[in-house]
file start-v8.tsv (TSV, C-alpha atoms and all ligand atoms)
chain	number	residue	atom	x	y	z
A	225	SER	CA	0.00	0.00	0.00
A	226	ARG	CA	1.07	3.59	-0.51
A	227	ALA	CA	2.69	5.50	2.35
A	228	HIS	CA	0.76	8.68	1.70
A	229	GLU	CA	-2.30	9.45	-0.33
A	230	PRO	CA	-3.59	13.00	-0.77
A	231	GLY	CA	-6.99	13.72	0.77
A	232	GLU	CA	-10.03	14.80	-1.21
A	233	ALA	CA	-9.57	18.53	-0.50
A	234	TRP	CA	-5.97	18.34	-1.74
A	235	VAL	CA	-6.94	16.59	-4.96
A	236	LEU	CA	-9.94	18.78	-5.73
A	237	GLY	CA	-7.95	21.94	-5.16
A	238	ARG	CA	-5.54	20.94	-7.93
A	239	ILE	CA	-7.93	19.89	-10.66
A	240	PRO	CA	-9.26	22.72	-12.81
A	241	ASP	CA	-13.05	23.08	-12.83
A	242	GLN	CA	-14.09	22.22	-16.38
A	243	GLY	CA	-17.08	24.54	-16.32
A	244	LEU	CA	-19.58	21.82	-15.46
A	245	TRP	CA	-22.79	22.67	-13.68
A	246	PRO	CA	-21.61	23.71	-10.18
A	247	SER	CA	-23.37	21.02	-8.11
A	248	ASN	CA	-21.95	18.27	-10.35
A	249	ALA	CA	-18.50	19.76	-10.86
A	250	ARG	CA	-17.15	18.44	-7.57
A	251	PHE	CA	-18.50	14.98	-8.34
A	252	TYR	CA	-16.98	14.82	-11.84
A	253	ARG	CA	-13.66	16.16	-10.64
A	254	LEU	CA	-13.62	13.50	-7.95
A	255	LEU	CA	-14.30	10.77	-10.52
A	256	ARG	CA	-11.47	12.00	-12.76
A	257	SER	CA	-9.05	12.63	-9.88
A	258	GLY	CA	-7.51	9.16	-9.76
A	259	MET	CA	-8.13	9.20	-5.99
A	260	THR	CA	-8.57	5.85	-4.25
A	261	LEU	CA	-11.38	4.74	-1.96
A	262	LYS	CA	-8.90	4.75	0.94
A	263	GLY	CA	-7.92	8.35	0.15
A	264	LEU	CA	-11.57	9.38	0.11
A	265	LEU	CA	-12.43	7.65	3.39
A	266	ASP	CA	-9.27	9.03	5.06
A	267	SER	CA	-10.40	12.54	4.20
A	268	TYR	CA	-13.73	12.06	6.04
A	269	PHE	CA	-13.08	9.59	8.87
A	270	GLU	CA	-10.44	8.78	11.48
A	271	ASP	CA	-11.81	5.53	12.89
A	272	GLU	CA	-10.00	2.64	11.13
A	273	GLU	CA	-12.76	0.15	11.93
A	274	LEU	CA	-15.41	2.39	10.37
A	275	LYS	CA	-13.25	2.92	7.27
A	276	ALA	CA	-12.73	-0.85	6.97
A	277	PHE	CA	-16.48	-1.36	7.29
A	278	LEU	CA	-17.22	1.20	4.56
A	279	SER	CA	-14.72	-0.53	2.24
A	280	ILE	CA	-16.26	-3.97	2.61
A	281	LEU	CA	-18.82	-3.88	-0.17
A	282	ALA	CA	-16.50	-2.35	-2.77
A	283	GLU	CA	-13.74	-4.82	-1.88
A	284	ALA	CA	-16.12	-7.79	-2.05
A	285	TYR	CA	-17.52	-6.77	-5.45
A	286	LEU	CA	-14.43	-5.42	-7.15
A	287	GLY	CA	-11.86	-7.75	-5.61
A	288	THR	CA	-9.40	-4.92	-4.94
A	289	ARG	CA	-8.37	-3.43	-1.59
A	290	ALA	CA	-9.48	0.13	-0.71
A	291	GLU	CA	-5.99	1.51	-1.41
A	292	GLU	CA	-6.10	-0.02	-4.94
A	293	THR	CA	-9.70	0.91	-5.76
A	294	PRO	CA	-10.30	4.14	-7.69
A	295	VAL	CA	-13.18	6.25	-6.37
A	296	ALA	CA	-14.75	6.08	-9.85
A	297	SER	CA	-15.13	2.29	-9.46
A	298	ALA	CA	-16.15	2.36	-5.79
A	299	LEU	CA	-18.87	5.03	-5.93
A	300	PRO	CA	-21.38	3.02	-8.00
A	301	ILE	CA	-21.10	0.26	-5.36
A	302	PHE	CA	-22.08	2.80	-2.68
A	303	GLY	CA	-25.41	3.01	-4.51
A	304	TYR	CA	-26.27	-0.30	-2.80
A	305	TYR	CA	-26.36	1.47	0.57
A	306	ILE	CA	-28.69	4.14	-0.81
A	307	ASP	CA	-30.94	2.46	-3.40
A	308	GLY	CA	-30.32	-1.24	-2.76
A	309	GLY	CA	-29.58	-3.65	-5.63
A	310	TYR	CA	-31.69	-4.88	-8.53
A	311	TYR	CA	-32.11	-8.29	-10.14
A	312	PRO	CA	-33.74	-8.65	-13.59
A	313	ARG	CA	-37.01	-10.56	-13.37
A	314	GLY	CA	-36.54	-13.80	-15.35
A	315	SER	CA	-32.73	-13.81	-14.71
A	316	SER	CA	-29.98	-11.93	-16.55
A	317	GLN	CA	-30.99	-13.74	-19.74
A	318	ALA	CA	-34.11	-11.53	-19.81
A	319	LEU	CA	-31.87	-8.49	-20.41
A	320	ALA	CA	-30.12	-10.13	-23.38
A	321	ASP	CA	-33.49	-11.25	-24.80
A	322	LEU	CA	-34.83	-7.71	-24.53
A	323	LEU	CA	-31.85	-6.28	-26.43
A	324	ALA	CA	-32.19	-8.96	-29.14
A	325	LYS	CA	-35.89	-8.15	-29.48
A	326	ALA	CA	-35.12	-4.43	-29.90
A	327	ILE	CA	-32.72	-5.28	-32.76
A	328	GLU	CA	-35.27	-7.55	-34.44
A	329	ASP	CA	-38.13	-5.07	-33.96
A	330	HIS	CA	-36.03	-2.56	-35.93
A	331	GLY	CA	-35.44	-4.95	-38.83
A	332	GLY	CA	-32.10	-6.35	-37.63
A	333	GLU	CA	-31.06	-9.98	-37.27
A	334	VAL	CA	-29.21	-11.53	-34.33
A	335	LEU	CA	-26.85	-14.38	-35.26
A	336	THR	CA	-25.80	-16.57	-32.35
A	337	ARG	CA	-22.91	-19.06	-32.53
A	338	TYR	CA	-21.12	-16.76	-34.98
A	339	ARG	CA	-17.64	-15.87	-33.84
A	340	VAL	CA	-16.04	-12.83	-35.44
A	341	GLU	CA	-12.59	-13.99	-36.51
A	342	ARG	CA	-11.42	-10.87	-38.30
A	343	VAL	CA	-12.32	-7.24	-38.86
A	344	VAL	CA	-11.64	-6.28	-42.48
A	345	ILE	CA	-9.91	-2.90	-42.93
A	346	GLU	CA	-9.23	-1.07	-46.18
A	347	GLY	CA	-7.51	2.29	-46.45
A	348	GLY	CA	-7.84	3.03	-42.73
A	349	ALA	CA	-11.61	2.39	-42.71
A	350	VAL	CA	-13.62	-0.62	-41.68
A	351	ARG	CA	-15.19	-2.71	-44.48
A	352	GLY	CA	-16.88	-5.47	-42.48
A	353	VAL	CA	-16.19	-8.62	-40.49
A	354	VAL	CA	-15.50	-12.28	-41.16
A	355	ALA	CA	-17.48	-14.60	-38.86
A	356	ASN	CA	-17.56	-18.39	-39.21
A	357	GLY	CA	-15.72	-17.89	-42.52
A	358	GLU	CA	-18.49	-15.66	-43.94
A	359	PHE	CA	-17.88	-12.00	-44.90
A	360	PHE	CA	-20.39	-9.45	-43.62
A	361	GLU	CA	-20.00	-6.03	-45.22
A	362	ALA	CA	-20.53	-2.99	-42.97
A	363	PRO	CA	-19.28	0.62	-42.94
A	364	ILE	CA	-19.60	0.67	-39.12
A	365	VAL	CA	-18.57	-2.17	-36.79
A	366	VAL	CA	-19.16	-2.04	-33.03
A	367	LEU	CA	-16.96	-4.54	-31.19
A	368	ASN	CA	-18.36	-5.63	-27.83
A	369	THR	CA	-15.39	-7.86	-27.17
A	370	ASN	CA	-12.63	-7.36	-24.61
A	371	ALA	CA	-10.23	-4.71	-25.97
A	372	MET	CA	-7.38	-7.15	-25.29
A	373	ASN	CA	-8.73	-9.20	-28.25
A	374	LEU	CA	-8.57	-6.23	-30.64
A	375	LEU	CA	-5.11	-6.88	-32.09
A	376	ASP	CA	-5.99	-10.47	-33.04
A	377	LEU	CA	-9.15	-9.27	-34.79
A	378	VAL	CA	-7.75	-6.22	-36.56
A	379	GLY	CA	-4.05	-6.99	-37.02
A	380	GLU	CA	-1.27	-4.81	-35.63
A	381	GLU	CA	-0.28	-3.63	-39.12
A	382	SER	CA	-3.57	-1.70	-39.48
A	383	LEU	CA	-3.08	0.29	-36.28
A	384	PRO	CA	-0.73	3.11	-35.18
A	385	SER	CA	2.17	1.84	-33.06
A	386	ASP	CA	1.27	3.91	-29.95
A	387	TYR	CA	-2.25	2.44	-30.04
A	388	VAL	CA	-0.84	-1.10	-30.39
A	389	TRP	CA	1.42	-0.38	-27.41
A	390	HIS	CA	-1.56	0.84	-25.35
A	391	ILE	CA	-3.65	-2.25	-26.16
A	392	LYS	CA	-0.72	-4.54	-25.33
A	393	SER	CA	-0.35	-2.86	-21.92
A	394	LEU	CA	-3.93	-3.77	-20.88
A	395	LYS	CA	-4.49	-6.39	-18.18
A	396	PRO	CA	-7.56	-8.48	-17.38
A	397	SER	CA	-9.72	-7.71	-14.34
A	398	VAL	CA	-10.29	-10.11	-11.47
A	399	THR	CA	-12.04	-13.38	-12.27
A	400	ALA	CA	-14.39	-15.58	-10.21
A	401	PHE	CA	-15.58	-19.06	-9.36
A	402	VAL	CA	-19.33	-19.64	-9.08
A	403	VAL	CA	-21.33	-22.63	-7.87
A	404	TYR	CA	-24.94	-22.77	-9.07
A	405	LEU	CA	-27.26	-24.78	-6.84
A	406	GLY	CA	-30.86	-25.90	-7.02
A	407	VAL	CA	-31.89	-26.90	-3.48
A	408	GLU	CA	-35.01	-28.45	-2.03
A	409	MET	CA	-35.37	-25.97	0.80
A	410	ASP	CA	-37.49	-23.03	1.82
A	411	LEU	CA	-34.99	-20.17	1.98
A	412	SER	CA	-37.56	-17.37	1.86
A	413	GLY	CA	-36.52	-16.27	5.37
A	414	TYR	CA	-32.99	-15.44	4.16
A	415	PRO	CA	-31.95	-12.15	2.53
A	416	PRO	CA	-31.44	-12.40	-1.27
A	417	LEU	CA	-27.76	-11.48	-0.97
A	418	ILE	CA	-25.36	-12.55	1.79
A	419	LYS	CA	-21.68	-11.54	1.82
A	420	SER	CA	-19.45	-13.49	4.18
A	421	LEU	CA	-16.35	-11.46	4.90
A	422	ASP	CA	-14.72	-14.21	6.95
A	423	ASP	CA	-14.97	-16.79	4.18
A	424	GLY	CA	-14.77	-14.43	1.18
A	425	VAL	CA	-17.94	-15.73	-0.45
A	426	GLY	CA	-21.14	-14.13	-1.66
A	427	ILE	CA	-24.43	-16.03	-1.68
A	428	ALA	CA	-27.22	-14.89	-3.98
A	429	ILE	CA	-30.63	-16.50	-3.47
A	430	SER	CA	-32.15	-15.21	-6.70
A	431	SER	CA	-35.42	-17.13	-6.27
A	432	ASN	CA	-36.14	-14.95	-3.22
A	433	LEU	CA	-36.40	-12.01	-5.63
A	434	ASP	CA	-38.01	-13.87	-8.53
A	435	PRO	CA	-39.90	-16.99	-7.30
A	436	SER	CA	-40.52	-18.08	-10.94
A	437	LEU	CA	-36.88	-19.23	-11.07
A	438	ALA	CA	-37.44	-22.28	-8.83
A	439	PRO	CA	-40.29	-24.81	-8.38
A	440	GLU	CA	-42.33	-24.63	-5.19
A	441	GLY	CA	-40.39	-25.70	-2.10
A	442	HIS	CA	-37.08	-25.15	-3.91
A	443	ALA	CA	-34.58	-22.31	-4.24
A	444	CYS	CA	-31.82	-21.13	-6.60
A	445	VAL	CA	-28.58	-20.38	-4.81
A	446	ASN	CA	-25.38	-19.00	-6.39
A	447	VAL	CA	-22.21	-19.06	-4.33
A	448	ILE	CA	-19.49	-16.80	-5.73
A	449	THR	CA	-15.94	-15.94	-4.83
A	450	VAL	CA	-13.90	-13.28	-6.61
A	451	LEU	CA	-10.36	-14.41	-7.54
A	452	PRO	CA	-7.23	-12.68	-8.88
A	453	SER	CA	-6.70	-13.21	-12.62
A	454	GLU	CA	-3.73	-15.53	-11.90
A	455	ALA	CA	-6.25	-18.08	-10.56
A	456	TYR	CA	-7.03	-18.84	-14.21
A	457	ASP	CA	-3.90	-21.03	-14.41
A	458	ALA	CA	-4.67	-22.91	-11.19
A	459	PHE	CA	-7.42	-25.01	-12.80
A	460	GLY	CA	-5.39	-26.52	-15.65
A	461	GLU	CA	-6.64	-27.17	-19.20
A	462	HIS	CA	-10.40	-27.41	-19.73
A	463	GLY	CA	-11.54	-31.00	-20.32
A	464	THR	CA	-8.60	-32.70	-18.56
A	465	PRO	CA	-9.14	-34.97	-15.50
A	466	GLU	CA	-7.04	-32.52	-13.48
A	467	TYR	CA	-9.41	-29.66	-14.41
A	468	THR	CA	-12.52	-31.67	-13.53
A	469	ALA	CA	-11.05	-32.71	-10.17
A	470	ARG	CA	-10.04	-29.15	-9.22
A	471	LYS	CA	-13.41	-27.76	-10.29
A	472	ARG	CA	-15.16	-30.39	-8.15
A	473	ALA	CA	-12.92	-29.75	-5.12
A	474	PHE	CA	-13.34	-25.97	-5.33
A	475	SER	CA	-17.13	-26.35	-5.69
A	476	GLU	CA	-17.27	-28.51	-2.58
A	477	GLU	CA	-15.17	-26.01	-0.67
A	478	LEU	CA	-17.59	-23.19	-1.54
A	479	VAL	CA	-20.65	-25.31	-0.70
A	480	GLU	CA	-19.06	-26.08	2.67
A	481	LYS	CA	-18.58	-22.35	3.34
A	482	ALA	CA	-22.15	-21.56	2.25
A	483	SER	CA	-23.49	-24.33	4.52
A	484	LYS	CA	-22.01	-22.55	7.53
A	485	LEU	CA	-24.31	-19.61	6.74
A	486	ILE	CA	-27.29	-21.69	5.58
A	487	PRO	CA	-27.28	-24.82	7.78
A	488	GLY	CA	-28.44	-27.96	5.96
A	489	LEU	CA	-27.74	-26.51	2.49
A	490	LYS	CA	-25.33	-29.16	1.27
A	491	GLU	CA	-27.67	-32.01	2.26
A	492	ARG	CA	-30.56	-30.55	0.20
A	493	ILE	CA	-28.83	-30.05	-3.16
A	494	VAL	CA	-30.91	-31.29	-6.11
A	495	ILE	CA	-28.71	-29.96	-8.89
A	496	MET	CA	-25.26	-28.42	-8.93
A	497	ASP	CA	-23.12	-26.81	-11.63
A	498	ALA	CA	-20.08	-24.58	-11.47
A	499	ALA	CA	-18.12	-22.05	-13.52
A	500	THR	CA	-14.35	-21.62	-13.30
A	501	PRO	CA	-12.35	-18.69	-14.73
A	502	ARG	CA	-11.95	-20.86	-17.87
A	503	THR	CA	-15.73	-21.21	-18.15
A	504	PHE	CA	-16.13	-17.42	-18.15
A	505	GLU	CA	-13.41	-17.14	-20.79
A	506	ARG	CA	-15.08	-19.79	-22.95
A	507	TYR	CA	-18.49	-18.09	-22.92
A	508	THR	CA	-17.48	-14.42	-23.02
A	509	LEU	CA	-13.99	-14.54	-24.65
A	510	ASN	CA	-12.69	-12.36	-21.83
A	511	PRO	CA	-8.98	-13.27	-21.40
A	512	HIS	CA	-8.33	-15.16	-18.14
A	513	GLY	CA	-12.08	-15.23	-17.48
A	514	ALA	CA	-12.05	-11.54	-16.50
A	515	ILE	CA	-15.45	-10.71	-15.02
A	516	TYR	CA	-15.12	-6.92	-15.38
A	517	GLY	CA	-13.17	-6.76	-18.64
A	518	LEU	CA	-10.00	-4.90	-17.72
A	519	ASP	CA	-8.03	-4.38	-14.53
A	520	GLN	CA	-9.99	-1.69	-12.65
A	521	SER	CA	-7.45	-0.99	-9.92
A	522	ALA	CA	-5.80	2.41	-9.42
A	523	GLY	CA	-2.75	2.77	-11.65
A	524	ALA	CA	-4.07	0.35	-14.31
A	525	PRO	CA	-3.65	1.56	-17.92
A	526	GLU	CA	-6.45	3.84	-19.09
A	527	ARG	CA	-9.32	2.10	-20.87
A	528	PRO	CA	-9.27	2.55	-24.65
A	529	TYR	CA	-11.46	5.30	-26.13
A	530	PHE	CA	-14.71	4.09	-27.68
A	531	LYS	CA	-13.56	5.22	-31.14
A	532	THR	CA	-10.57	3.29	-32.47
A	533	PRO	CA	-8.07	4.85	-34.92
A	534	ILE	CA	-9.89	2.94	-37.71
A	535	LYS	CA	-12.75	4.92	-39.27
A	536	GLY	CA	-16.05	3.21	-38.48
A	537	LEU	CA	-14.63	0.81	-35.86
A	538	TYR	CA	-16.04	1.29	-32.36
A	539	LEU	CA	-15.35	-0.44	-29.05
A	540	VAL	CA	-18.04	-0.82	-26.38
A	541	GLY	CA	-18.54	-2.85	-23.20
A	542	ALA	CA	-16.62	-3.42	-20.00
A	543	SER	CA	-13.20	-2.58	-21.43
A	544	THR	CA	-14.25	0.95	-22.37
A	545	PHE	CA	-15.49	3.92	-20.28
A	546	PRO	CA	-17.04	3.77	-17.69
A	547	GLY	CA	-15.99	0.12	-17.04
A	548	GLY	CA	-17.34	-3.24	-15.86
A	549	GLY	CA	-20.87	-3.93	-14.60
A	550	ILE	CA	-24.22	-4.04	-16.34
A	551	GLU	CA	-25.10	-0.38	-15.82
A	552	ALA	CA	-21.66	0.80	-16.96
A	553	VAL	CA	-21.68	-1.23	-20.18
A	554	VAL	CA	-25.11	0.13	-21.07
A	555	ILE	CA	-23.68	3.64	-20.71
A	556	SER	CA	-20.79	2.72	-23.03
A	557	GLY	CA	-23.30	1.46	-25.61
A	558	ILE	CA	-25.28	4.69	-25.41
A	559	ILE	CA	-22.11	6.77	-25.90
A	560	ALA	CA	-21.25	4.82	-29.08
A	561	ALA	CA	-24.86	4.87	-30.35
A	562	ASN	CA	-25.03	8.66	-29.92
A	563	ASP	CA	-21.87	9.07	-31.97
A	564	ILE	CA	-23.00	6.65	-34.69
A	565	SER	CA	-26.39	8.33	-35.00
A	566	ASN	CA	-24.57	11.44	-36.24
A	567	TRP	CA	-23.11	9.63	-39.25
A	568	PRO	CA	-24.77	11.11	-42.39
A	569	SER	CA	-25.55	7.57	-43.63
A	570	VAL	CA	-27.30	6.76	-40.34
A	571	ARG	CA	-29.04	10.07	-39.64
A	572	LYS	CA	-32.64	10.05	-40.80
A	573	PRO	CA	-33.47	12.73	-43.38
A	574	VAL	CA	-35.61	15.42	-41.73
A	575	THR	CA	-39.13	15.17	-43.04
A	576	ALA	CA	-42.35	16.89	-42.03
A	577	ARG	CA	-43.21	13.80	-39.89
A	578	ASN	CA	-40.07	13.54	-37.76
A	579	ALA	CA	-39.02	17.23	-37.74
B	601	LIG	C1	-20.14	-14.22	-12.21
B	601	LIG	C2	-20.33	-12.79	-12.55
B	601	LIG	C3	-21.09	-11.98	-11.72
B	601	LIG	C4	-21.30	-10.65	-12.04
B	601	LIG	N1	-22.11	-9.91	-11.23
B	601	LIG	C5	-22.44	-8.65	-11.60
B	601	LIG	C6	-23.40	-7.91	-10.85
B	601	LIG	O1	-23.94	-8.38	-9.85
B	601	LIG	N2	-23.69	-6.65	-11.27
B	601	LIG	C7	-23.13	-6.11	-12.37
B	601	LIG	O2	-23.45	-4.97	-12.73
B	601	LIG	N3	-22.20	-6.78	-13.10
B	601	LIG	C8	-21.85	-8.04	-12.74
B	601	LIG	N4	-20.94	-8.75	-13.48
B	601	LIG	C9	-20.22	-8.07	-14.57
B	601	LIG	C10	-21.06	-7.94	-15.81
B	601	LIG	O3	-21.67	-9.17	-16.09
B	601	LIG	C11	-20.16	-7.52	-16.99
B	601	LIG	O4	-19.40	-6.36	-16.67
B	601	LIG	C12	-21.00	-7.20	-18.22
B	601	LIG	O5	-21.88	-8.26	-18.54
B	601	LIG	C13	-20.09	-6.96	-19.41
B	601	LIG	O6	-20.89	-6.65	-20.52
B	601	LIG	P1	-20.26	-6.57	-21.96
B	601	LIG	O7	-21.39	-6.26	-22.88
B	601	LIG	O8	-19.07	-5.70	-21.95
B	601	LIG	O9	-19.68	-8.03	-22.26
B	601	LIG	P2	-20.39	-9.45	-22.25
B	601	LIG	O10	-21.63	-9.46	-21.43
B	601	LIG	O11	-19.29	-10.42	-21.93
B	601	LIG	O12	-20.85	-9.63	-23.76
B	601	LIG	C14	-19.92	-9.75	-24.81
B	601	LIG	C15	-20.47	-10.78	-25.76
B	601	LIG	O13	-19.70	-10.73	-26.96
B	601	LIG	C16	-19.36	-12.05	-27.32
B	601	LIG	N5	-18.10	-11.99	-28.08
B	601	LIG	C17	-16.87	-11.62	-27.64
B	601	LIG	N6	-15.97	-11.71	-28.63
B	601	LIG	C18	-16.66	-12.14	-29.73
B	601	LIG	C19	-16.28	-12.44	-31.08
B	601	LIG	N7	-15.03	-12.32	-31.50
B	601	LIG	N8	-17.25	-12.87	-31.93
B	601	LIG	C20	-18.54	-13.00	-31.52
B	601	LIG	N9	-18.95	-12.74	-30.26
B	601	LIG	C21	-18.01	-12.32	-29.38
B	601	LIG	C22	-19.23	-12.82	-26.03
B	601	LIG	O14	-19.41	-14.20	-26.26
B	601	LIG	C23	-20.36	-12.20	-25.21
B	601	LIG	O15	-21.58	-12.86	-25.44
B	601	LIG	C24	-20.71	-10.09	-13.20
B	601	LIG	C25	-19.94	-10.90	-14.04
B	601	LIG	C26	-19.76	-12.24	-13.73
B	601	LIG	C27	-18.96	-13.11	-14.68
call {"tool": "encode", "arguments": {"input": "start-v8.tsv", "output": "structure tokens", "more": "lines below"}}
Ligand SMILES: Cc1cc2nc3c(=O)[nH]c(=O)nc-3n(C[C@H](O)[C@H](O)[C@H](O)COP(=O)(O)OP(=O)(O)OC[C@H]3O[C@@H](n4cnc5c(N)ncnc54)[C@H](O)[C@@H]3O)c2cc1C
result
Amino acid sequence: SRAHEPGEAWVLGRIPDQGLWPSNARFYRLLRSGMTLKGLLDSYFEDEELKAFLSILAEAYLGTRAEETPVASALPIFGYYIDGGYYPRGSSQALADLLAKAIEDHGGEVLTRYRVERVVIEGGAVRGVVANGEFFEAPIVVLNTNAMNLLDLVGEESLPSDYVWHIKSLKPSVTAFVVYLGVEMDLSGYPPLIKSLDDGVGIAISSNLDPSLAPEGHACVNVITVLPSEAYDAFGEHGTPEYTARKRAFSEELVEKASKLIPGLKERIVIMDAATPRTFERYTLNPHGAIYGLDQSAGAPERPYFKTPIKGLYLVGASTFPGGGIEAVVISGIIAANDISNWPSVRKPVTARNA
């Protein structure tokens, strides 16, 4: 940890006000200040126990200690204290289905099981993508993949050397291990989210928020632990006996920890599945199974800008501003969509009806 970190007043006094609306200026300057959560708490409180308590939620979610956590990443987590958390009715899949429906309702088509292998560039502008060996022509391509995958998709030769250097400097965020349980138990008396600081696990009982997720008398329980990205290597190659054995052992360890908080849990399991860092990598193509895209700790390289040096090639998602998390990636999508809607080929001609 650092020996000395400047307090909030010190930082704010040195950042020029960018002419934002006065009541928001302080907030935006704080976000851009590079200050850590520890620095912020030190500037308000003296009691170490209180500061440790106020760091708990951010540390548990982000997997970084208060002295490594930028205020910009920690503040959204503080929203839990104020507004609580939200879970999409019908599970997270409902969000993806809604987005797919919006595309289809506007005449688009969603192709699943198509992996983009290459982005085709000509004369510094994007021409389309190759997916499953098929060429799809497009003047604008929005990549929602981890920015660390960009060089493989585009090719270093098409990009300026300082940009290539920046992309190569990026590091994956923390990863995780999750055990998914279906249990024959009435857990309605438990809170939907339990964080055990002693054992470093989080327990989400999603059926307490959305009873349609489990049959009567049953519950859905996810047990999660956040891990450093190096944990990716600890499981071995996917599909090997070594991998299966480690996955099983780690699952049992987490179930044991969860059973301390929910007595009888492990005896009432009806179905059990698990995801290792390699599982997250396989499904999302995030290197090392990164759950928040890029390293979000203080001092990590800046996230790439949403516009790449290639005309028509955009980056969105967790590896761009503002970062990882559902709400943040939606914001990144809106930023890109606003820019794209100003392209003359995209902008609707003004007619009497839409003027
Ligand atoms: C276990 C876990 C728990 C989490 N909990 C929370 C939480 O409680 N709250 C919260 O806000 N966030 C949470 N997150 C983080 C959140 O899920 C992510 O930050 C967010 O989903 C990232 O969105 P995205 O659109 O950037 O990427 P993704 O959701 O990963 O979507 C990218 C998609 O692009 C596809 N793709 C990538 N490359 C290619 C390619 N070359 N060709 C074709 N397709 C490609 C991937 O397969 C994937 O489907 C959690 C993440 C995990 C793993």
call {"tool": "residues_near_ligand", "arguments": {"input": "start-v8.tsv", "ligand": "ligand LIG 601 (chain B)", "cutoff": "6 Å", "atoms": "all atoms listed in the file", "output": "PDB file with C-alpha atoms, in the coordinates of the input"}}
result
ATOM      1  CA  TYR A 338     -21.120 -16.760 -34.980  1.00  0.00           C
ATOM      2  CA  ARG A 339     -17.640 -15.870 -33.840  1.00  0.00           C
ATOM      3  CA  VAL A 340     -16.040 -12.830 -35.440  1.00  0.00           C
ATOM      4  CA  GLU A 341     -12.590 -13.990 -36.510  1.00  0.00           C
ATOM      5  CA  ASN A 368     -18.360  -5.630 -27.830  1.00  0.00           C
ATOM      6  CA  THR A 369     -15.390  -7.860 -27.170  1.00  0.00           C
ATOM      7  CA  TYR A 507     -18.490 -18.090 -22.920  1.00  0.00           C
ATOM      8  CA  THR A 508     -17.480 -14.420 -23.020  1.00  0.00           C
ATOM      9  CA  LEU A 509     -13.990 -14.540 -24.650  1.00  0.00           C
ATOM     10  CA  ILE A 515     -15.450 -10.710 -15.020  1.00  0.00           C
ATOM     11  CA  TYR A 516     -15.120  -6.920 -15.380  1.00  0.00           C
ATOM     12  CA  GLY A 541     -18.540  -2.850 -23.200  1.00  0.00           C
ATOM     13  CA  ALA A 542     -16.620  -3.420 -20.000  1.00  0.00           C
ATOM     14  CA  GLY A 548     -17.340  -3.240 -15.860  1.00  0.00           C
ATOM     15  CA  GLY A 549     -20.870  -3.930 -14.600  1.00  0.00           C
ATOM     16  CA  ILE A 550     -24.220  -4.040 -16.340  1.00  0.00           C
ATOM     17  CA  GLU A 551     -25.100  -0.380 -15.820  1.00  0.00           C
ATOM     18  CA  VAL A 553     -21.680  -1.230 -20.180  1.00  0.00           C
TER      19      VAL A 553
END
call {"tool": "closest_atom_pairs", "arguments": {"input": "start-v8.tsv", "of": "region 481-562 of chain A", "to": "region 458-475 of chain A", "cutoff": "12 Å", "atoms": "all atoms listed in the file", "output": "Markdown table"}}
result
| residue | atom | partner | partner_atom | distance |
| --- | --- | --- | --- | --- |
| A:Lys481 | CA | A:Ser475 | CA | 10.0 |
| A:Ala482 | CA | A:Ser475 | CA | 10.5 |
| A:Lys490 | CA | A:Ser475 | CA | 11.1 |
| A:Met496 | CA | A:Ser475 | CA | 9.0 |
| A:Asp497 | CA | A:Ser475 | CA | 8.4 |
| A:Ala498 | CA | A:Ser475 | CA | 6.7 |
| A:Ala499 | CA | A:Lys471 | CA | 8.1 |
| A:Thr500 | CA | A:Lys471 | CA | 6.9 |
| A:Pro501 | CA | A:Phe459 | CA | 8.2 |
| A:Arg502 | CA | A:His462 | CA | 7.0 |
| A:Thr503 | CA | A:His462 | CA | 8.3 |
| A:Phe504 | CA | A:His462 | CA | 11.6 |
| A:Glu505 | CA | A:His462 | CA | 10.8 |
| A:Arg506 | CA | A:His462 | CA | 9.5 |
| A:His512 | CA | A:Ala458 | CA | 11.0 |
| A:Gly513 | CA | A:Phe459 | CA | 11.8 |
call {"tool": "closest_atom_pairs", "arguments": {"input": "start-v8.tsv", "of": "region 477-560 of chain A", "to": "region 344-355 of chain A", "cutoff": "8 Å", "atoms": "all atoms listed in the file", "output": "tab-separated table"}}
result
residue	atom	partner	partner_atom	distance
A:Ile534	CA	A:Ala349	CA	5.3
A:Lys535	CA	A:Ala349	CA	4.4
A:Gly536	CA	A:Val350	CA	5.6
A:Leu537	CA	A:Val350	CA	6.1
call {"tool": "residues_around", "arguments": {"input": "start-v8.tsv", "residues": "Pro528 (chain A)", "least_positions_apart": "2", "cutoff": "8 Å", "atoms": "only C-alpha atoms", "output": "ChimeraX atom specification"}}
result
/A:371,390-391,526,530,532,543-545
call {"tool": "closest_residue", "arguments": {"input": "start-v8.tsv", "among": "A:Val388, A:Leu374, A:Ile448, A:Val494", "to": "Pro511 (chain A)", "atoms": "only C-alpha atoms"}}
result
A:Leu374
call {"tool": "closest_residue", "arguments": {"input": "start-v8.tsv", "among": "A:Glu381, A:Glu283, A:Glu477, A:Glu454", "to": "Ile301 (chain A)", "atoms": "all atoms listed in the file"}}
result
A:Glu283
call {"tool": "residues_around", "arguments": {"input": "start-v8.tsv", "residues": "Val445 (chain A)", "least_positions_apart": "2", "cutoff": "9 Å", "atoms": "only C-alpha atoms", "output": "ChimeraX atom specification"}}
result
/A:403-407,427-431,443,447
